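So this block is final-v5.txt, compact mmCIF, C-alpha atoms and all ligand atoms:
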# COMPACT_ATOMS: atom_id res chain seq x y z
CA MET W 1 -54.36 180.52 57.21
CA GLU W 2 -53.19 182.85 59.96
CA ILE W 3 -51.28 186.06 59.30
CA LYS W 4 -49.53 186.80 62.56
CA ASN W 5 -48.04 190.20 63.21
CA ILE W 6 -46.24 190.47 59.85
CA SER W 7 -43.75 193.25 59.16
CA PHE W 8 -41.84 193.27 55.91
CA SER W 9 -39.26 195.46 54.14
CA TYR W 10 -37.50 195.02 50.82
CA GLN W 11 -33.75 195.77 50.57
CA ASP W 12 -34.40 199.49 51.05
CA LYS W 13 -35.50 198.75 54.65
CA ILE W 14 -38.66 200.83 54.33
CA LYS W 15 -41.51 199.09 56.12
CA ARG W 16 -43.95 197.99 53.41
CA LEU W 17 -46.02 195.84 55.78
CA ASP W 18 -46.43 197.06 59.32
CA HIS W 19 -47.60 194.53 61.92
CA VAL W 20 -50.34 193.02 59.78
CA GLU W 21 -52.69 190.61 61.56
CA ALA W 22 -55.40 188.83 59.61
CA GLU W 23 -56.99 185.52 58.95
CA ILE W 24 -57.84 183.77 55.72
CA THR W 25 -60.87 181.53 56.24
CA ALA W 26 -60.80 178.20 54.44
CA GLY W 27 -63.43 177.74 51.74
CA GLN W 28 -64.05 181.48 51.42
CA ILE W 29 -63.14 184.31 49.04
CA THR W 30 -61.01 186.99 50.67
CA THR W 31 -60.33 190.18 48.74
CA ILE W 32 -57.51 192.59 49.51
CA LEU W 33 -58.40 196.22 48.77
CA GLY W 34 -56.25 199.33 49.01
CA PRO W 35 -54.71 202.11 46.93
CA ASN W 36 -51.72 201.59 44.64
CA GLY W 37 -48.57 200.99 46.64
CA SER W 38 -50.43 200.09 49.84
CA GLY W 39 -48.73 196.68 50.03
CA LYS W 40 -51.34 194.35 48.53
CA SER W 41 -48.95 192.47 46.25
CA THR W 42 -46.29 192.51 48.96
CA LEU W 43 -48.76 190.87 51.35
CA LEU W 44 -49.69 188.28 48.73
CA GLY W 45 -45.96 187.61 48.36
CA VAL W 46 -45.69 186.97 52.10
CA LEU W 47 -48.72 184.67 52.07
CA THR W 48 -47.16 182.60 49.28
CA ASN W 49 -43.68 182.55 50.87
CA ASN W 50 -42.13 184.65 48.09
CA ASN W 51 -41.40 187.43 50.58
CA GLN W 52 -39.82 186.46 53.89
CA PRO W 53 -41.08 188.78 56.64
CA GLN W 54 -38.62 190.24 59.14
CA GLU W 55 -41.23 189.91 61.86
CA GLY W 56 -44.19 187.61 62.38
CA SER W 57 -45.24 184.44 60.63
CA VAL W 58 -47.80 182.90 58.34
CA VAL W 59 -49.33 179.64 59.49
CA LEU W 60 -50.84 177.39 56.84
CA ASP W 61 -52.80 174.33 57.97
CA GLY W 62 -51.11 174.40 61.35
CA LYS W 63 -47.53 174.75 60.07
CA MET W 64 -45.39 177.83 59.48
CA ILE W 65 -45.24 178.54 55.78
CA ASN W 66 -41.44 178.79 55.69
CA LYS W 67 -41.17 175.25 57.10
CA TYR W 68 -42.73 173.67 54.01
CA LYS W 69 -40.52 172.14 51.32
CA PRO W 70 -40.99 174.03 48.02
CA LYS W 71 -42.75 171.12 46.32
CA GLU W 72 -44.99 170.52 49.32
CA LEU W 73 -45.98 174.21 49.32
CA ALA W 74 -46.61 174.16 45.56
CA LYS W 75 -49.18 171.44 46.20
CA LYS W 76 -50.96 173.77 48.65
CA LEU W 77 -50.78 177.19 46.97
CA GLY W 78 -51.45 178.25 43.39
CA VAL W 79 -50.60 181.83 42.43
CA VAL W 80 -51.51 184.02 39.48
CA HIS W 81 -49.32 187.11 39.58
CA GLN W 82 -50.16 190.63 38.43
CA GLN W 83 -47.88 190.31 35.40
CA ASN W 84 -47.43 186.95 33.70
CA THR W 85 -45.21 186.26 30.74
CA ALA W 86 -45.42 183.05 28.76
CA PRO W 87 -42.66 181.65 26.56
CA ALA W 88 -43.25 182.83 22.98
CA ASP W 89 -45.92 180.96 20.98
CA ILE W 90 -46.49 178.25 23.59
CA THR W 91 -49.88 176.55 23.28
CA VAL W 92 -52.52 176.92 25.99
CA GLU W 93 -52.30 173.20 26.78
CA LYS W 94 -48.49 173.29 27.18
CA LEU W 95 -48.73 176.30 29.46
CA VAL W 96 -51.32 174.61 31.66
CA HIS W 97 -49.10 171.50 31.86
CA TYR W 98 -46.55 173.58 33.78
CA GLY W 99 -49.02 173.46 36.66
CA ARG W 100 -48.30 169.75 37.01
CA LEU W 101 -44.59 170.21 37.79
CA PRO W 102 -44.93 170.00 41.60
CA HIS W 103 -46.66 166.64 41.23
CA LYS W 104 -44.00 164.99 39.11
CA THR W 105 -41.49 162.63 40.67
CA SER W 106 -38.82 160.58 38.94
CA PHE W 107 -40.35 157.41 40.40
CA SER W 108 -43.96 157.87 39.43
CA PRO W 109 -44.52 159.76 36.20
CA SER W 110 -48.25 160.14 36.83
CA ALA W 111 -49.06 160.94 33.22
CA GLU W 112 -52.67 159.87 33.42
CA LYS W 113 -53.49 162.06 36.40
CA ASP W 114 -51.61 164.96 34.74
CA GLU W 115 -53.70 164.69 31.57
CA GLU W 116 -56.87 164.44 33.62
CA MET W 117 -56.08 167.56 35.67
CA VAL W 118 -54.98 169.59 32.64
CA LYS W 119 -58.19 168.67 30.84
CA TRP W 120 -60.25 169.58 33.91
CA ALA W 121 -58.46 172.94 34.28
CA LEU W 122 -59.00 173.73 30.58
CA GLU W 123 -62.67 172.81 30.80
CA ARG W 124 -63.23 174.70 34.04
CA THR W 125 -61.83 177.88 32.50
CA GLY W 126 -63.67 177.39 29.20
CA LEU W 127 -60.43 176.97 27.23
CA TYR W 128 -60.65 173.34 26.17
CA GLU W 129 -61.57 174.27 22.59
CA LYS W 130 -58.61 176.66 22.54
CA ARG W 131 -56.07 174.18 23.90
CA HIS W 132 -54.00 174.02 20.70
CA ALA W 133 -54.02 177.79 20.17
CA SER W 134 -50.87 179.75 20.81
CA ILE W 135 -51.24 181.84 23.97
CA ASP W 136 -50.36 185.10 22.19
CA THR W 137 -53.34 184.69 19.84
CA LEU W 138 -55.83 184.75 22.75
CA SER W 139 -57.82 187.74 23.99
CA GLY W 140 -56.85 189.34 27.30
CA GLY W 141 -59.69 187.56 29.08
CA GLN W 142 -58.71 184.19 27.64
CA GLN W 143 -55.05 184.73 28.56
CA GLN W 144 -56.06 185.58 32.11
CA ARG W 145 -58.10 182.37 32.22
CA ALA W 146 -55.13 180.40 30.84
CA TRP W 147 -53.00 181.56 33.80
CA ILE W 148 -55.80 180.61 36.15
CA ALA W 149 -55.99 177.22 34.40
CA LEU W 150 -52.26 176.72 35.04
CA ALA W 151 -52.81 177.37 38.74
CA LEU W 152 -55.86 175.05 38.75
CA ALA W 153 -53.87 172.22 37.14
CA GLN W 154 -51.57 172.53 40.13
CA ASP W 155 -54.50 171.09 42.12
CA THR W 156 -54.07 173.23 45.25
CA PRO W 157 -56.64 174.02 47.93
CA TYR W 158 -55.52 177.70 48.01
CA LEU W 159 -55.58 180.04 45.02
CA PHE W 160 -54.04 183.54 45.05
CA LEU W 161 -54.93 186.00 42.30
CA ASP W 162 -53.25 189.40 42.07
CA GLU W 163 -55.53 191.80 40.18
CA PRO W 164 -57.09 189.09 38.00
CA THR W 165 -59.51 191.58 36.44
CA SER W 166 -57.07 194.38 35.58
CA ASN W 167 -56.80 195.20 31.88
CA LEU W 168 -59.98 193.30 31.07
CA ASP W 169 -63.15 194.86 29.76
CA ILE W 170 -66.15 194.65 32.04
CA PHE W 171 -67.56 191.48 30.47
CA TYR W 172 -64.31 189.57 30.96
CA GLN W 173 -63.94 191.03 34.47
CA TYR W 174 -67.23 189.41 35.45
CA GLU W 175 -66.32 186.25 33.60
CA VAL W 176 -63.23 185.89 35.80
CA LEU W 177 -65.18 186.79 38.95
CA GLU W 178 -67.89 184.23 38.17
CA LEU W 179 -65.18 181.61 37.65
CA VAL W 180 -63.66 182.51 41.01
CA LYS W 181 -67.07 182.18 42.65
CA GLN W 182 -67.65 178.78 41.06
CA LEU W 183 -64.21 177.54 42.08
CA CYS W 184 -64.99 178.50 45.65
CA GLU W 185 -68.54 177.15 45.75
CA GLU W 186 -68.18 174.03 43.61
CA GLU W 187 -64.55 173.00 44.14
CA GLY W 188 -64.16 174.26 47.69
CA LEU W 189 -61.11 176.37 46.91
CA THR W 190 -59.93 179.03 49.33
CA ILE W 191 -59.33 182.15 47.27
CA VAL W 192 -57.38 185.29 48.09
CA MET W 193 -57.45 187.99 45.46
CA VAL W 194 -56.59 191.63 44.94
CA LEU W 195 -59.24 193.81 43.29
CA HIS W 196 -59.53 197.52 42.56
CA ASP W 197 -63.28 197.70 42.11
CA ILE W 198 -64.93 198.11 45.51
CA ASN W 199 -68.36 197.04 44.25
CA GLN W 200 -66.95 193.87 42.73
CA ALA W 201 -65.20 193.20 46.05
CA ILE W 202 -68.49 193.65 47.93
CA GLN W 203 -70.33 191.43 45.46
CA TYR W 204 -67.87 188.53 45.31
CA SER W 205 -66.11 188.40 48.69
CA HIS W 206 -66.91 186.74 51.98
CA GLN W 207 -64.12 188.72 53.60
CA ILE W 208 -62.40 192.00 52.74
CA ILE W 209 -58.97 193.07 53.95
CA ALA W 210 -58.44 196.83 53.56
CA MET W 211 -54.82 198.03 53.42
CA LYS W 212 -53.27 201.47 53.49
CA GLN W 213 -49.55 202.27 53.57
CA GLY W 214 -48.65 198.77 54.69
CA LYS W 215 -51.15 198.72 57.52
CA LEU W 216 -54.28 196.64 57.84
CA ILE W 217 -57.13 199.10 58.30
CA ALA W 218 -60.02 196.65 58.53
CA GLN W 219 -60.94 193.03 58.00
CA GLY W 220 -64.41 191.55 57.95
CA ASN W 221 -67.35 190.76 55.76
CA PRO W 222 -68.29 193.49 53.25
CA GLN W 223 -71.63 194.34 54.90
CA ASN W 224 -69.89 195.01 58.20
CA ILE W 225 -66.77 196.85 57.17
CA VAL W 226 -67.52 198.82 54.00
CA THR W 227 -68.62 202.24 55.23
CA LYS W 228 -68.31 205.81 53.95
CA GLU W 229 -65.71 206.40 56.64
CA LEU W 230 -63.61 203.38 55.69
CA ILE W 231 -63.51 204.26 51.98
CA GLN W 232 -62.68 207.86 52.86
CA GLN W 233 -59.88 206.71 55.15
CA VAL W 234 -58.42 204.12 52.78
CA TYR W 235 -58.83 205.80 49.38
CA GLY W 236 -59.54 209.45 50.22
CA VAL W 237 -62.75 209.28 48.16
CA HIS W 238 -66.25 210.32 49.18
CA VAL W 239 -68.85 207.64 48.54
CA ALA W 240 -72.52 207.04 49.21
CA ILE W 241 -73.54 203.60 50.42
CA LYS W 242 -76.70 202.28 48.76
CA ASN W 243 -78.79 199.19 49.12
CA ASP W 244 -80.67 197.50 46.35
CA ALA W 245 -83.32 194.84 46.89
CA ASP W 246 -81.74 192.63 44.20
CA VAL W 247 -77.99 193.22 44.34
CA GLY W 248 -77.65 194.22 47.99
CA MET W 249 -75.14 196.82 49.11
CA TYR W 250 -73.12 198.93 46.68
CA ILE W 251 -71.18 202.17 46.73
CA VAL W 252 -71.43 205.23 44.53
CA PRO W 253 -68.21 207.27 44.34
CA LEU W 254 -68.99 210.99 44.69
CA GLY W 255 -65.61 212.63 44.34
CA ILE W 256 -62.54 213.56 46.32
P1 LIG W 301 -49.76 197.33 45.72
O1 LIG W 301 -49.76 195.93 45.22
O2 LIG W 301 -50.72 197.59 46.82
O3 LIG W 301 -49.91 198.33 44.63
P2 LIG W 301 -47.00 196.74 46.39
O4 LIG W 301 -47.11 195.68 47.40
O5 LIG W 301 -46.63 196.33 45.01
O6 LIG W 301 -48.33 197.63 46.38
O7 LIG W 301 -45.93 197.79 46.86
C1 LIG W 301 -45.91 198.36 48.17
C2 LIG W 301 -44.73 199.31 48.26
O8 LIG W 301 -43.50 198.56 48.15
C3 LIG W 301 -44.70 200.34 47.13
O9 LIG W 301 -44.26 201.56 47.66
C4 LIG W 301 -43.70 199.77 46.15
O10 LIG W 301 -43.06 200.79 45.44
C5 LIG W 301 -42.74 199.04 47.07
N1 LIG W 301 -42.13 197.88 46.40
C6 LIG W 301 -42.77 196.90 45.75
N2 LIG W 301 -41.91 195.96 45.30
C7 LIG W 301 -40.67 196.37 45.67
C8 LIG W 301 -39.34 195.84 45.53
N3 LIG W 301 -39.12 194.69 44.90
N4 LIG W 301 -38.32 196.56 46.06
C9 LIG W 301 -38.54 197.72 46.71
N5 LIG W 301 -39.77 198.27 46.90
C10 LIG W 301 -40.81 197.61 46.39
MG MG W 302 -49.98 195.13 43.34
The structure given in the file should be rewritten as structure tokens.
Ligand code: ADP
Ligand code: MG
Amino acid sequence: MEIKNISFSYQDKIKRLDHVEAEITAGQITTILGPNGSGKSTLLGVLTNNNQPQEGSVVLDGKMINKYKPKELAKKLGVVHQQNTAPADITVEKLVHYGRLPHKTSFSPSAEKDEEMVKWALERTGLYEKRHASIDTLSGGQQQRAWIALALAQDTPYLFLDEPTSNLDIFYQYEVLELVKQLCEEEGLTIVMVLHDINQAIQYSHQIIAMKQGKLIAQGNPQNIVTKELIQQVYGVHVAIKNDADVGMYIVPLGI
């Protein structure tokens, strides 16, 4: 996926993305980092064709993203937004079934394939036992996984996750990150996510995109681009960069 010279404003005409150039490598995990309001969700919106840029284009598998028919695109891209609201007391299984909508046609109600994919998505996210539970009875971590399951049932090669670990305690954060890693390694998914934790980004990403005030500050693999200077520039925070024989590189925030 190529992000070519994207500039984007909402109705207020303020430039929220300013000539952003980047590349999403197939089969890898790309993490977007940056302070609040830096344009991470806006960029994700452009990459999923929810935001139409005033300048530039996004090319997905050789074709401009705005040239895809909605259903065709929904077979390529699954998205889990920052805020997700389910209909009241819907079961996990029903929610995940929504992921099958792009695959339904009036001529071929592919019920068998739908059931198969829903079951796979529930199993992959560890929710199969919970399939009859109402979504509002689940823990935060389980709910997050239910939304990921919905996107997985959609059976897309690309998965976009906006702050999938926010509001989760540290155990569930790693549970989601391990799932993301497995989906990439075992299912070959291309994953683009937004994280706040720089160490988690270093640990789980092949590529990092660092944003500030709508501008791309750096893109590359964590070992190459995460430096004291970059974190200072992007977040205004002093950090020390450490290396551990077991976990590799990590940062220690020192203050502002
Ligand atoms: P991030 O996800 O990095 O926190 P966003 O992409 O949500 O940042 O927002 C980038 C900027 O665009 C912010 O200043 C935000 O207030 C603004 N913004 C976000 N959504 C809208 C909108 N629908 N209309 C106008 N401004 C918006
Ligand atoms: Mg956001």
- Note on the structure: Nearest to W:Gly62, restricted to all atoms listed in the file and choosing among W:Met1, W:Asp89, W:Asp162, W:Arg131, comes out as W:Met1
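Between atom CA of W:Ile65 and atom CA of W:Leu43 the interatomic distance comes to 13.6 Å.
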- Message: Any residue with an atom at most 12 Å from ligand LIG 301 (chain W) counts, using all atoms listed in the file. Which are they? Put them as a PyMOL selection string.
- Response: chain W and resi 8-18+32-46+50-51+81-83+161-163+193-196+209-216+234-235
- Item | Counting only C-alpha atoms, the residue of W:Ala153, W:Leu122, W:Ala245, W:Val192 that sits nearest W:Tyr98 | W:Ala153
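Counting only C-alpha atoms and all ligand atoms and comparing W:Ser166, W:Asp114, W:Glu55, W:Tyr128, the residue that lies closest to ligand MG 302 (chain W) is W:Ser166.
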- Item | Residue contacts of stretch 179-189 of chain W (6 Å, all atoms listed in the file) excluding same-chain residues fewer than 4 positions away, as JSON, numbers by chain | {"W": [27, 157, 158]}
- What does the distance between atom CA of W:Asn221 and atom CA of W:Ala22 come to in Å, to one decimal place?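 These two atoms are separated by 12.7 Å.
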- Item | Among the residues W:Ser57, W:Thr31, W:Gln173, W:Thr48, the one that comes closest to W:Asn5 [using only C-alpha atoms] | W:Ser57
